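Asker: Pasting model00.cif here (mmCIF, C-alpha atoms):
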```
data_model
#
loop_
_atom_site.label_atom_id
_atom_site.label_comp_id
_atom_site.auth_asym_id
_atom_site.auth_seq_id
_atom_site.Cartn_x
_atom_site.Cartn_y
_atom_site.Cartn_z
CA MET A 21 18.87 -17.01 -44.45
CA LEU A 22 17.56 -15.04 -47.43
CA PHE A 23 17.68 -11.91 -45.30
CA LYS A 24 21.31 -12.58 -44.47
CA LEU A 25 22.14 -13.10 -48.13
CA ALA A 26 20.40 -9.86 -49.03
CA ILE A 27 22.40 -8.01 -46.36
CA ALA A 28 25.61 -9.56 -47.60
CA ALA A 29 24.80 -8.60 -51.21
CA LEU A 30 23.86 -5.09 -50.15
CA SER A 31 26.99 -4.56 -48.12
CA MET A 32 29.09 -5.80 -51.02
CA VAL A 33 27.43 -3.33 -53.38
CA LEU A 34 27.90 -0.50 -50.88
CA GLY A 35 31.48 -1.54 -50.30
CA LEU A 36 32.23 -1.55 -54.00
CA GLY A 37 30.49 1.80 -54.34
CA ALA A 38 32.64 3.36 -51.67
CA GLN A 39 35.81 1.86 -53.11
CA ALA A 40 34.90 3.18 -56.52
CA GLN A 41 35.00 6.68 -55.09
CA GLY A 42 38.63 6.76 -56.00
CA THR A 43 41.97 7.32 -54.40
CA GLY A 44 40.85 9.85 -51.78
CA GLY A 45 38.87 7.26 -49.78
CA PRO A 46 39.74 6.03 -46.29
CA ASP A 47 40.68 2.57 -47.54
CA ALA A 48 43.02 4.03 -50.12
CA LEU A 49 44.71 6.06 -47.39
CA ILE A 50 45.23 2.97 -45.20
CA GLN A 51 46.56 0.95 -48.10
CA LYS A 52 49.00 3.71 -49.02
CA LEU A 53 50.17 4.22 -45.43
CA SER A 54 50.59 0.48 -44.81
CA ASN A 55 52.61 0.00 -47.98
CA GLU A 56 54.82 3.01 -47.31
CA VAL A 57 55.60 1.97 -43.75
CA ILE A 58 56.28 -1.66 -44.62
CA ASP A 59 58.46 -0.74 -47.59
CA THR A 60 60.46 1.71 -45.47
CA VAL A 61 61.03 -0.86 -42.73
CA LYS A 62 62.02 -3.55 -45.21
CA ALA A 63 64.58 -1.25 -46.79
CA ASP A 64 66.07 -0.10 -43.49
CA ALA A 65 68.35 -2.44 -41.57
CA ALA A 66 68.64 -0.04 -38.62
CA ILE A 67 64.88 -0.14 -38.03
CA GLN A 68 64.81 -3.93 -38.25
CA ALA A 69 67.56 -4.03 -35.67
CA GLY A 70 65.31 -2.06 -33.32
CA ASP A 71 66.62 1.52 -33.67
CA VAL A 72 63.77 3.11 -31.73
CA GLY A 73 64.78 6.70 -32.53
CA LYS A 74 64.59 6.00 -36.24
CA ILE A 75 61.26 4.21 -35.93
CA ILE A 76 59.80 7.11 -33.98
CA THR A 77 60.89 9.51 -36.73
CA LEU A 78 59.26 7.26 -39.31
CA VAL A 79 56.01 7.11 -37.35
CA ASP A 80 56.04 10.85 -36.66
CA THR A 81 56.57 11.85 -40.28
CA LYS A 82 54.57 9.17 -42.10
CA VAL A 83 51.77 8.11 -39.80
CA MET A 84 51.06 10.80 -37.23
CA PRO A 85 49.87 13.47 -39.71
CA HIS A 86 46.98 11.12 -40.45
CA VAL A 87 45.98 10.51 -36.84
CA ASN A 88 43.61 12.56 -34.71
CA PHE A 89 45.46 11.94 -31.52
CA GLN A 90 43.43 14.35 -29.45
CA ARG A 91 40.26 12.39 -30.13
CA MET A 92 42.07 9.15 -29.30
CA THR A 93 43.25 10.51 -25.96
CA ALA A 94 39.88 12.04 -25.14
CA SER A 95 38.01 8.80 -25.67
CA ALA A 96 40.51 6.80 -23.63
CA ILE A 97 40.02 9.28 -20.77
CA GLY A 98 36.25 9.27 -21.16
CA ARG A 99 34.00 11.45 -19.06
CA ASN A 100 36.85 13.06 -17.09
CA TRP A 101 38.10 14.80 -20.24
CA ARG A 102 35.65 17.65 -19.61
CA ASP A 103 37.23 18.46 -16.25
CA THR A 104 40.75 18.45 -17.67
CA THR A 105 42.64 21.73 -18.16
CA ALA A 106 44.21 22.62 -21.50
CA GLU A 107 47.69 22.16 -20.03
CA GLN A 108 46.79 18.70 -18.69
CA LYS A 109 45.28 17.72 -22.02
CA LYS A 110 48.48 18.67 -23.80
CA ARG A 111 50.66 16.64 -21.44
CA LEU A 112 48.28 13.66 -21.54
CA GLU A 113 48.38 13.67 -25.31
CA GLU A 114 52.17 13.82 -25.37
CA GLU A 115 52.71 11.00 -22.89
CA PHE A 116 50.00 8.78 -24.37
CA LYS A 117 51.43 9.36 -27.82
CA THR A 118 54.91 8.33 -26.67
CA LEU A 119 53.43 5.16 -25.17
CA ILE A 120 51.53 4.27 -28.34
CA VAL A 121 54.38 5.06 -30.70
CA ARG A 122 56.61 2.78 -28.63
CA THR A 123 54.08 -0.03 -29.00
CA TYR A 124 53.96 0.53 -32.71
CA ALA A 125 57.74 0.69 -32.89
CA GLY A 126 58.01 -2.69 -31.18
CA ALA A 127 55.62 -4.21 -33.69
CA LEU A 128 57.49 -2.67 -36.63
CA THR A 129 60.78 -4.34 -35.73
CA GLN A 130 58.97 -7.64 -36.41
CA VAL A 131 58.19 -6.72 -40.02
CA LYS A 132 59.86 -9.10 -42.44
CA ASP A 133 57.92 -10.45 -45.39
CA GLN A 134 54.48 -9.13 -44.50
CA THR A 135 51.90 -7.68 -46.82
CA VAL A 136 48.70 -5.85 -45.92
CA ARG A 137 45.47 -6.87 -47.56
CA LEU A 138 42.34 -4.71 -47.35
CA LYS A 139 38.98 -6.30 -46.68
CA PRO A 140 35.95 -4.94 -48.55
CA LEU A 141 34.85 -1.61 -47.06
CA ARG A 142 31.37 -1.52 -45.62
CA ALA A 143 30.37 2.11 -45.78
CA ALA A 144 27.77 4.28 -47.47
CA ALA A 145 28.80 7.18 -49.68
CA GLY A 146 27.93 9.91 -47.16
CA ASP A 147 29.52 8.29 -44.08
CA THR A 148 31.86 10.50 -42.07
CA GLU A 149 33.11 7.69 -39.79
CA VAL A 150 34.16 4.34 -41.18
CA VAL A 151 36.03 1.19 -40.19
CA VAL A 152 38.73 0.00 -42.57
CA ARG A 153 39.53 -3.66 -41.98
CA THR A 154 42.86 -5.14 -43.00
CA GLU A 155 44.84 -8.31 -42.59
CA VAL A 156 48.58 -8.47 -42.17
CA LYS A 157 49.80 -11.59 -43.88
CA GLY A 158 53.17 -13.09 -43.22
CA LYS A 159 54.19 -16.47 -41.90
CA GLY A 160 51.39 -18.22 -40.05
CA GLU A 161 48.00 -16.92 -39.11
CA PRO A 162 46.99 -13.55 -40.63
CA ILE A 163 46.86 -10.73 -38.09
CA GLN A 164 43.72 -8.63 -37.90
CA LEU A 165 44.47 -4.90 -38.01
CA ASP A 166 41.52 -2.50 -38.29
CA TYR A 167 41.27 1.30 -38.23
CA ARG A 168 38.52 3.74 -37.32
CA LEU A 169 38.65 6.87 -39.47
CA GLU A 170 36.75 10.13 -39.44
CA LYS A 171 36.29 12.59 -42.24
CA ASP A 172 38.18 15.81 -41.57
CA GLY A 173 37.32 18.24 -44.31
CA SER A 174 38.44 16.54 -47.48
CA SER A 175 40.88 14.12 -45.84
CA TRP A 176 40.52 11.20 -43.43
CA LYS A 177 42.02 10.84 -39.97
CA ILE A 178 42.58 7.69 -37.92
CA TYR A 179 41.18 7.82 -34.39
CA ASP A 180 41.40 4.21 -33.19
CA VAL A 181 43.27 1.04 -34.10
CA ASN A 182 42.25 -2.55 -33.55
CA VAL A 183 44.88 -5.25 -33.16
CA LEU A 184 43.66 -8.86 -33.05
CA GLY A 185 40.13 -7.81 -32.16
CA VAL A 186 41.07 -5.34 -29.43
CA TRP A 187 40.52 -1.59 -29.91
CA LEU A 188 43.43 0.38 -28.49
CA VAL A 189 41.31 3.06 -26.85
CA ASP A 190 39.10 0.50 -25.10
CA GLN A 191 42.19 -1.36 -24.00
CA TYR A 192 43.49 1.66 -22.07
CA ARG A 193 40.16 2.92 -20.75
CA SER A 194 40.00 0.91 -17.51
CA SER A 195 43.65 1.42 -16.57
CA PHE A 196 43.24 5.16 -17.17
CA ALA A 197 40.07 5.23 -15.10
CA GLN A 198 41.84 3.36 -12.30
CA GLU A 199 44.74 5.86 -12.23
CA ILE A 200 42.34 8.81 -12.31
CA ARG A 201 40.33 7.36 -9.42
CA GLY A 202 43.55 6.97 -7.44
CA GLY A 203 45.42 10.21 -8.17
CA GLY A 204 43.32 12.35 -10.49
CA ILE A 205 44.39 13.46 -13.97
CA ASP A 206 47.80 14.53 -12.65
CA GLY A 207 48.26 11.06 -11.17
CA LEU A 208 47.61 9.53 -14.57
CA ILE A 209 50.03 11.94 -16.27
CA SER A 210 52.86 11.11 -13.89
CA LYS A 211 52.13 7.38 -14.18
CA LEU A 212 52.36 7.59 -17.97
CA ALA A 213 55.52 9.68 -17.79
CA GLU A 214 57.09 7.20 -15.37
CA ARG A 215 56.21 4.27 -17.68
CA ASN A 216 57.72 6.03 -20.70
CA LYS A 217 60.88 6.93 -18.81
CA ALA A 218 61.36 3.37 -17.54
CA ALA A 219 60.97 1.94 -21.03
CA SER A 220 63.29 4.41 -22.70
CA LYS A 221 66.07 3.29 -20.36
CA SER A 222 65.68 -0.43 -20.97
CA MET B 7 42.34 -45.70 -16.66
CA ILE B 8 40.92 -43.71 -19.57
CA GLN B 9 37.40 -44.42 -18.39
CA HIS B 10 38.28 -43.13 -14.97
CA ARG B 11 39.80 -39.96 -16.32
CA ARG B 12 36.77 -39.28 -18.44
CA GLN B 13 34.46 -39.63 -15.43
CA ARG B 14 36.56 -37.13 -13.53
CA LEU B 15 36.38 -34.70 -16.43
CA ILE B 16 32.62 -34.99 -16.62
CA ALA B 17 32.29 -34.46 -12.87
CA ALA B 18 34.49 -31.36 -13.02
CA ALA B 19 32.58 -29.95 -15.98
CA THR B 20 29.25 -30.48 -14.25
CA ALA B 21 30.44 -28.77 -11.09
CA VAL B 22 31.61 -25.75 -13.08
CA LEU B 23 28.32 -25.53 -14.96
CA LEU B 24 26.37 -25.61 -11.69
CA VAL B 25 28.40 -22.79 -10.13
CA TRP B 26 27.92 -20.78 -13.30
CA ALA B 27 24.17 -20.50 -13.28
CA GLY B 28 24.47 -18.64 -9.99
CA VAL B 29 27.49 -16.45 -10.63
CA ALA B 30 27.02 -15.54 -14.30
CA ARG B 31 23.55 -14.17 -13.69
CA ALA B 32 24.05 -12.47 -10.36
CA GLN B 33 27.12 -10.46 -11.38
CA ASP B 34 26.97 -7.41 -13.53
CA ASP B 35 30.55 -6.32 -13.03
CA LYS B 36 32.93 -8.27 -15.25
CA ASP B 37 35.49 -8.93 -12.50
CA PRO B 38 33.79 -9.91 -9.24
CA LEU B 39 36.68 -12.24 -8.41
CA GLU B 40 39.35 -9.54 -8.70
CA GLY B 41 40.83 -10.29 -5.26
CA TRP B 42 41.42 -13.96 -6.02
CA ASN B 43 42.40 -13.21 -9.60
CA ARG B 44 45.09 -10.72 -8.67
CA ALA B 45 46.56 -13.14 -6.13
CA VAL B 46 46.73 -15.99 -8.65
CA PHE B 47 48.03 -13.61 -11.31
CA GLY B 48 50.86 -12.63 -8.97
CA PHE B 49 51.65 -16.29 -8.36
CA ASN B 50 51.67 -17.05 -12.09
CA GLU B 51 53.88 -14.04 -12.80
CA GLY B 52 56.39 -15.21 -10.20
CA LEU B 53 56.43 -18.72 -11.60
CA ASP B 54 56.80 -17.42 -15.13
CA LYS B 55 59.68 -15.19 -14.17
CA ALA B 56 61.45 -17.94 -12.23
CA VAL B 57 60.90 -20.92 -14.52
CA LEU B 58 58.83 -20.68 -17.67
CA LYS B 59 60.25 -17.52 -19.22
CA PRO B 60 63.92 -18.46 -18.68
CA VAL B 61 63.28 -21.95 -20.07
CA ALA B 62 61.43 -20.58 -23.10
CA THR B 63 64.18 -18.02 -23.69
CA GLY B 64 66.81 -20.75 -23.51
CA TYR B 65 64.79 -22.96 -25.85
CA LYS B 66 64.65 -20.12 -28.35
CA ALA B 67 68.38 -19.48 -28.04
CA VAL B 68 69.53 -23.10 -28.28
CA VAL B 69 67.10 -24.85 -30.62
CA PRO B 70 67.41 -23.84 -34.32
CA ALA B 71 64.50 -21.88 -35.77
CA LEU B 72 63.74 -24.60 -38.30
CA VAL B 73 63.21 -27.17 -35.53
CA ARG B 74 61.14 -24.77 -33.42
CA THR B 75 58.91 -23.98 -36.39
CA GLY B 76 58.49 -27.70 -36.99
CA VAL B 77 57.44 -28.26 -33.38
CA SER B 78 54.97 -25.37 -33.55
CA ASN B 79 53.59 -26.66 -36.83
CA VAL B 80 52.99 -30.17 -35.51
CA PHE B 81 51.13 -28.88 -32.44
CA GLY B 82 49.32 -26.37 -34.65
CA ASN B 83 48.27 -29.03 -37.11
CA PHE B 84 46.92 -31.15 -34.28
CA ASN B 85 45.00 -28.17 -32.97
CA ASP B 86 43.62 -27.37 -36.43
CA GLY B 87 41.69 -30.64 -36.29
CA TRP B 88 39.98 -29.45 -33.13
CA SER B 89 39.23 -26.12 -34.84
CA ALA B 90 37.55 -27.98 -37.71
CA ILE B 91 35.36 -29.95 -35.31
CA ASN B 92 34.38 -26.76 -33.51
CA GLN B 93 33.53 -25.04 -36.77
CA LEU B 94 31.20 -27.92 -37.49
CA LEU B 95 29.66 -27.57 -34.02
CA GLN B 96 29.20 -23.86 -34.70
CA GLY B 97 27.32 -24.58 -37.90
CA LYS B 98 30.03 -23.38 -40.27
CA PRO B 99 30.44 -26.30 -42.68
CA ALA B 100 32.38 -24.31 -45.29
CA ALA B 101 34.96 -23.16 -42.73
CA ALA B 102 35.13 -26.70 -41.34
CA ALA B 103 35.80 -28.11 -44.80
CA HIS B 104 38.50 -25.49 -45.31
CA MET B 105 40.23 -26.43 -42.06
CA THR B 106 39.87 -30.14 -42.79
CA MET B 107 41.57 -29.58 -46.14
CA ARG B 108 44.29 -27.69 -44.30
CA VAL B 109 44.88 -30.53 -41.85
CA ALA B 110 44.85 -33.13 -44.62
CA THR B 111 47.31 -31.10 -46.72
CA ASN B 112 49.73 -30.51 -43.87
CA THR B 113 49.49 -34.08 -42.60
CA PHE B 114 50.25 -35.67 -45.96
CA PHE B 115 52.29 -33.12 -47.90
CA GLY B 116 53.70 -31.38 -44.83
CA ILE B 117 55.06 -34.68 -43.42
CA ALA B 118 52.80 -35.21 -40.41
CA GLY B 119 52.42 -31.47 -39.95
CA LEU B 120 56.11 -30.58 -39.74
CA PHE B 121 55.75 -28.10 -42.59
CA ASP B 122 52.87 -25.71 -43.02
CA VAL B 123 52.47 -26.08 -46.78
CA ALA B 124 48.73 -25.34 -46.58
CA SER B 125 49.28 -21.68 -45.65
CA ASP B 126 51.41 -21.22 -48.76
CA LEU B 127 48.51 -22.62 -50.76
CA GLY B 128 46.13 -20.08 -49.25
CA LEU B 129 44.54 -22.48 -46.75
CA GLU B 130 45.07 -20.27 -43.74
CA ARG B 131 44.45 -21.15 -40.13
CA GLN B 132 41.30 -20.04 -38.44
CA GLN B 133 41.62 -21.05 -34.84
CA GLU B 134 38.54 -22.22 -32.94
CA ASP B 135 38.07 -23.95 -29.62
CA PHE B 136 35.19 -25.21 -27.54
CA GLY B 137 35.08 -21.97 -25.50
CA GLN B 138 34.33 -20.09 -28.71
CA THR B 139 31.73 -22.70 -29.64
CA LEU B 140 29.93 -22.20 -26.32
CA GLY B 141 29.99 -18.45 -27.00
CA ARG B 142 28.58 -19.00 -30.47
CA TRP B 143 25.79 -21.04 -28.89
CA GLY B 144 24.87 -17.96 -26.86
CA LEU B 145 26.49 -18.66 -23.50
CA PRO B 146 27.74 -15.41 -21.90
CA ALA B 147 31.42 -15.21 -20.94
CA GLY B 148 30.63 -14.77 -17.25
CA PRO B 149 33.23 -13.41 -14.84
CA TYR B 150 36.95 -13.32 -15.55
CA ILE B 151 38.93 -16.05 -13.77
CA VAL B 152 42.68 -16.49 -13.49
CA TRP B 153 43.77 -20.08 -12.89
CA PRO B 154 47.10 -21.14 -11.41
CA LEU B 155 49.42 -22.25 -14.25
CA LEU B 156 46.70 -21.99 -16.91
CA GLY B 157 46.34 -18.21 -16.69
CA PRO B 158 43.48 -15.98 -17.90
CA SER B 159 40.08 -17.51 -18.47
CA SER B 160 36.40 -16.77 -18.12
CA LEU B 161 33.70 -18.92 -16.61
CA ARG B 162 32.66 -19.98 -20.10
CA ASP B 163 36.21 -20.82 -21.17
CA THR B 164 36.69 -22.69 -17.91
CA ALA B 165 33.69 -24.86 -18.67
CA ALA B 166 35.19 -25.59 -22.07
CA LEU B 167 38.63 -26.27 -20.63
CA PRO B 168 38.25 -30.02 -19.91
CA LEU B 169 37.33 -30.63 -23.57
CA ASP B 170 39.85 -28.15 -24.97
CA LEU B 171 42.64 -29.67 -22.90
CA SER B 172 41.69 -33.21 -23.81
CA TRP B 173 42.53 -32.40 -27.45
CA ARG B 174 46.28 -32.44 -27.10
CA PRO B 175 48.85 -34.81 -28.52
CA ALA B 176 49.77 -35.63 -24.91
CA ALA B 177 46.24 -36.82 -24.16
CA LEU B 178 46.60 -39.58 -26.76
CA SER B 179 49.33 -41.39 -24.88
CA ASP B 180 48.80 -43.72 -21.95
CA ASP B 181 52.43 -43.56 -20.93
CA ASP B 182 53.00 -41.04 -18.16
CA ASN B 183 56.48 -40.05 -19.27
CA THR B 184 55.37 -39.41 -22.85
CA ARG B 185 52.44 -37.38 -21.60
CA ILE B 186 54.57 -35.22 -19.34
CA GLY B 187 57.21 -34.78 -22.03
CA LEU B 188 54.71 -33.72 -24.69
CA THR B 189 52.84 -31.38 -22.35
CA THR B 190 56.11 -29.74 -21.31
CA LEU B 191 57.23 -29.31 -24.90
CA GLN B 192 53.88 -27.81 -25.87
CA LEU B 193 54.06 -25.42 -22.90
CA ILE B 194 57.57 -24.28 -23.80
CA ASP B 195 56.62 -23.91 -27.46
CA THR B 196 53.63 -21.74 -26.53
CA ARG B 197 55.61 -19.60 -24.12
CA ALA B 198 58.45 -19.13 -26.60
CA GLY B 199 55.93 -17.91 -29.17
CA LEU B 200 54.71 -15.29 -26.69
CA LEU B 201 58.08 -13.88 -25.65
CA ASP B 202 57.88 -10.81 -27.89
CA ALA B 203 54.26 -10.11 -26.98
CA THR B 204 54.84 -10.32 -23.24
CA ARG B 205 57.92 -8.12 -23.46
CA MET B 206 55.79 -5.52 -25.19
CA ILE B 207 53.03 -5.77 -22.58
CA ASP B 208 55.62 -5.23 -19.85
CA GLU B 209 56.57 -1.98 -21.55
CA ILE B 210 53.19 -0.50 -22.38
CA ALA B 211 50.79 -1.61 -19.65
CA LEU B 212 50.09 0.73 -16.75
CA ASP B 213 48.63 -2.13 -14.73
CA LYS B 214 49.58 -5.46 -16.23
CA TYR B 215 46.71 -7.31 -14.57
CA LEU B 216 44.09 -4.94 -16.00
CA PHE B 217 45.79 -4.86 -19.37
CA ILE B 218 45.76 -8.63 -19.74
CA ARG B 219 42.24 -8.97 -18.31
CA ASP B 220 40.68 -6.45 -20.69
CA GLY B 221 42.70 -7.72 -23.62
CA TYR B 222 41.72 -11.32 -22.92
CA LEU B 223 37.99 -10.65 -22.56
CA THR B 224 37.82 -8.44 -25.65
CA ARG B 225 39.93 -10.78 -27.74
CA ARG B 226 37.81 -13.78 -26.80
CA ARG B 227 34.61 -11.89 -27.58
CA SER B 228 36.06 -10.92 -30.94
CA LEU B 229 37.02 -14.54 -31.65
CA VAL B 230 33.49 -15.73 -30.88
CA TYR B 231 32.31 -13.41 -33.67
CA ASP B 232 35.23 -14.37 -35.95
CA GLY B 233 36.87 -10.97 -35.65
CA ASP B 234 33.77 -8.91 -36.39
CA PRO B 235 31.77 -8.49 -33.16
CA PRO B 236 28.73 -6.23 -32.93
CA GLU B 237 29.55 -2.92 -31.24
CA LEU B 238 28.99 -2.63 -27.52
CA PRO B 239 27.14 0.41 -26.22
CA GLU B 240 29.54 3.25 -25.31
CA SER B 241 31.31 2.55 -22.03
CA ASP B 242 31.07 5.17 -19.31
CA ALA B 243 34.09 6.96 -17.88
CA ASN B 244 34.49 4.54 -14.99
CA GLY B 245 35.78 1.99 -17.41
CA LYS B 246 32.97 -0.44 -16.73
CA SER B 247 31.02 -1.39 -19.79
CA PRO B 248 27.31 -1.29 -19.13
CA ALA B 249 26.85 -4.60 -20.91
CA ALA B 250 28.90 -7.58 -19.82
CA PRO B 251 30.99 -8.70 -22.79
CA ARG B 252 29.65 -11.87 -24.26
#
```
Here is the file; what I need is its structure written in the form of structure tokens.

Answerer:
Amino acid sequence: MLFKLAIAALSMVLGLGAQAQGTGGPDALIQKLSNEVIDTVKADAAIQAGDVGKIITLVDTKVMPHVNFQRMTASAIGRNWRDTTAEQKKRLEEEFKTLIVRTYAGALTQVKDQTVRLKPLRAAAGDTEVVVRTEVKGKGEPIQLDYRLEKDGSSWKIYDVNVLGVWLVDQYRSSFAQEIRGGGIDGLISKLAERNKAASKS
Amino acid sequence: MIQHRRQRLIAAATAVLLVWAGVARAQDDKDPLEGWNRAVFGFNEGLDKAVLKPVATGYKAVVPALVRTGVSNVFGNFNDGWSAINQLLQGKPAAAAHMTMRVATNTFFGIAGLFDVASDLGLERQQEDFGQTLGRWGLPAGPYIVWPLLGPSSLRDTAALPLDLSWRPAALSDDDNTRIGLTTLQLIDTRAGLLDATRMIDEIALDKYLFIRDGYLTRRRSLVYDGDPPELPESDANGKSPAAPR
């Protein structure tokens, strides 16, 4: 019990320490991004009505510059990434990105009166990989939304997202593995492309 | 009548627990029942497409939002009581007190739970059930199981199911028609709440069965740890985690 309390106290001190680092920290980045995206959606009737093209532009310009999408794709592919050609990697990244952005777009059309609240950061000063935990509060139960970030020079980049306790990369890992077992990397690429094409029509 | 039902529940729970000891230990892979599961999943999907989804869509189109929210709130408030009990069983008295306050607030000031005034006061819902309690007590999830009508589950959640299902407004009534009516309404309310989520899954899943299976198991594990589970060892490229999720 005492041990647990000590850990809790320690993590709070560390969390405060990291937050005190100033505006360049990973939590500050997430807070800024969340606010910007939510404010944009709230002010834009076309996005709320589900204008996917507009949402994709928003995500591409505001969010994507802060995401290491190559790392995200590589970890969803897992071990097979090493045997993937540069051309295949490029196509995988593109198709996977389209899939993810569509997911995100769907979620954004639901934004109404939400706010994002950051939970205390548990990270030491020298950490190069951290988890920023947030809660989306609107009507009803708060929605857990966490981010994994890595330090990239002087800035931070997102490389995984957790919605309601499920990490996105983990969520795709077994389906990717199944497609690769069945038809190799090219099989996975065409499956993703087919999925994206089907959804863009509907 | 009630006595009889209770005996049946206990018998079912015991049978499940007995099967468990064998299966949960012997299996390393998280989905040894994949053949059966996929078949039942297909059946459920068909039923959903033919009946449940159209009914839920119609319910959403016809019934005003205010009424639907009221229905959800009443069922939610009822369920919050069960969450409070489970928090107590999990040794979290502060959380249990919080949820009890929530139920009391919504029952009295929210007119029998019709309005969720507690959330506005900062008393937010933290949902718990007996499956999570068993997980908290250290019981592993065991293999993934898909049940007809009830959908995704694990061996652990199946064992908890008789108790979790007995905590429903419908279970209070001895009148068959009331019970069926309340169960149906609760089912439609739940399905209507999931319409957006399932539409999204249809669009982004490569293999819907796998997507829901992995999502369910991970989500449940996360809930057992109240949203902050310890990290699993890195999974290998075959998509099988070396450690069975707890």

Asker: Determine, using all atoms listed in the file, which residues of chain A have any atom at most 6 Å from an atom of chain B, and tabulate each with its shortest atom pair and distance in Å to one decimal place, rows ordered by chain and then rising number, as JSON lines.

Answerer:
```
{"residue": "A:Gly98", "atom": "CA", "partner": "B:Ala243", "partner_atom": "CA", "distance": 4.6}
{"residue": "A:Arg99", "atom": "CA", "partner": "B:Ala243", "partner_atom": "CA", "distance": 4.6}
{"residue": "A:Glu161", "atom": "CA", "partner": "B:Arg131", "partner_atom": "CA", "distance": 5.6}
{"residue": "A:Gly185", "atom": "CA", "partner": "B:Ser228", "partner_atom": "CA", "distance": 5.3}
{"residue": "A:Val186", "atom": "CA", "partner": "B:Arg225", "partner_atom": "CA", "distance": 5.8}
{"residue": "A:Arg193", "atom": "CA", "partner": "B:Gly245", "partner_atom": "CA", "distance": 5.6}
{"residue": "A:Ser194", "atom": "CA", "partner": "B:Gly245", "partner_atom": "CA", "distance": 4.4}
{"residue": "A:Ala197", "atom": "CA", "partner": "B:Asn244", "partner_atom": "CA", "distance": 5.6}
{"residue": "A:Ala219", "atom": "CA", "partner": "B:Glu209", "partner_atom": "CA", "distance": 5.9}
```

Asker: Within 12 Å of A:Asp71, counting all atoms listed in the file, which residues show up once you throw out same-chain ones fewer than 2 positions away? Write them as a PDB file with C-alpha atoms, in the frame of the given file, please.

Answerer:
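Now in part_33.pdb:
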```pdb
ATOM      1  CA  VAL A  61      61.030  -0.860 -42.730  1.00  0.00           C
ATOM      2  CA  ASP A  64      66.070  -0.100 -43.490  1.00  0.00           C
ATOM      3  CA  ALA A  65      68.350  -2.440 -41.570  1.00  0.00           C
ATOM      4  CA  ALA A  66      68.640  -0.040 -38.620  1.00  0.00           C
ATOM      5  CA  ILE A  67      64.880  -0.140 -38.030  1.00  0.00           C
ATOM      6  CA  GLN A  68      64.810  -3.930 -38.250  1.00  0.00           C
ATOM      7  CA  ALA A  69      67.560  -4.030 -35.670  1.00  0.00           C
ATOM      8  CA  GLY A  73      64.780   6.700 -32.530  1.00  0.00           C
ATOM      9  CA  LYS A  74      64.590   6.000 -36.240  1.00  0.00           C
ATOM     10  CA  ILE A  75      61.260   4.210 -35.930  1.00  0.00           C
ATOM     11  CA  ILE A  76      59.800   7.110 -33.980  1.00  0.00           C
ATOM     12  CA  THR A  77      60.890   9.510 -36.730  1.00  0.00           C
ATOM     13  CA  LEU A  78      59.260   7.260 -39.310  1.00  0.00           C
ATOM     14  CA  ARG A 122      56.610   2.780 -28.630  1.00  0.00           C
ATOM     15  CA  ALA A 125      57.740   0.690 -32.890  1.00  0.00           C
ATOM     16  CA  GLY A 126      58.010  -2.690 -31.180  1.00  0.00           C
ATOM     17  CA  LEU A 128      57.490  -2.670 -36.630  1.00  0.00           C
ATOM     18  CA  THR A 129      60.780  -4.340 -35.730  1.00  0.00           C
ATOM     19  CA  SER A 220      63.290   4.410 -22.700  1.00  0.00           C
TER      20      SER A 220
END
```

Asker: Pull out every residue that the PyMOL selection byres ((chain A and resi 59) around 12) matches in the shown coordinates and put them as an MDAnalysis selection string.

Answerer: chainID A and resid 52:58 60:65 67:68 78 82 128 131:136

Asker: Excluding B:Ala118 and its own-chain neighbours fewer than 2 positions away, which residues fall within 10 Å of it when counting all atoms listed in the file? Please give them as a list in words.

Answerer: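 Answer for this query is Asn79, Val80, Asn83, Phe84, Val109, Ala110, Thr111, Asn112, Thr113, Phe114, Phe115, Gly116, Leu120, Phe121 and Asp122 of chain B.
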
Asker: Suppose you want the space between atom CA of A:Asp180 and atom CA of A:Lys109; what is it in Å?

Answerer: 18.0 Å

Asker: Taking only C-alpha atoms into account, which of B:Asp35, B:Asp54, B:Asp163, B:Asp182 comes nearest B:Asp135?

Answerer: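 Residue with the minimum atom-to-atom distance to B:Asp135: B:Asp163.
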
Asker: For a test of reading the model, state the distance in Å between atom CA of B:Val73 and atom CA of B:Arg108, rounded to one decimal.

Answerer: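 Pair atom CA of B:Val73 / atom CA of B:Arg108 returns 20.9 Å.
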
Asker: Distance atom CA of A:Val87-atom CA of B:Leu200, one decimal place?

Answerer: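 Separating atom CA of A:Val87 from atom CA of B:Leu200 is a distance of 29.1 Å.
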
Asker: Enclose the full set of atoms of stretch 143-154 of chain A listed in the file within a box whose edges lie along x, y and z, apply 4 Å of padding to each of the six sides, and report centre and edge lengths in Å to one decimal as lines of an AutoDock Vina configuration file.

Answerer:
```
center_x = 35.3
center_y = 2.7
center_z = -44.7
size_x = 23.1
size_y = 23.6
size_z = 17.9
```

Asker: Enumerate, as a ChimeraX atom specification, the residues matched when the PyMOL selection byres ((chain A and resi 92) around 9) is run on the file above.

Answerer: /A:87-91,93-97,113,178-180,188-189

Asker: List as a PyMOL selection string: which residues have an atom within 10 Å of (52.6, 6.8, -15.8), counting all atoms listed in the file?

Answerer: (chain A and resi 112+115-116+119+196+199+206-218) or (chain B and resi 210-213)

Asker: I would like the residues chosen by the PyMOL selection byres ((chain A and resi 172) around 12) on the shown file; could you give them as a list in words?

Answerer: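 Going through the file, the PyMOL selection byres ((chain A and resi 172) around 12) ends up selecting Gly45, Pro46, His86, Val87, Asn88, Asp147, Thr148, Glu149, Leu169, Glu170, Lys171, Gly173, Ser174, Ser175, Trp176, Lys177, Ile178 and Tyr179 of chain A.
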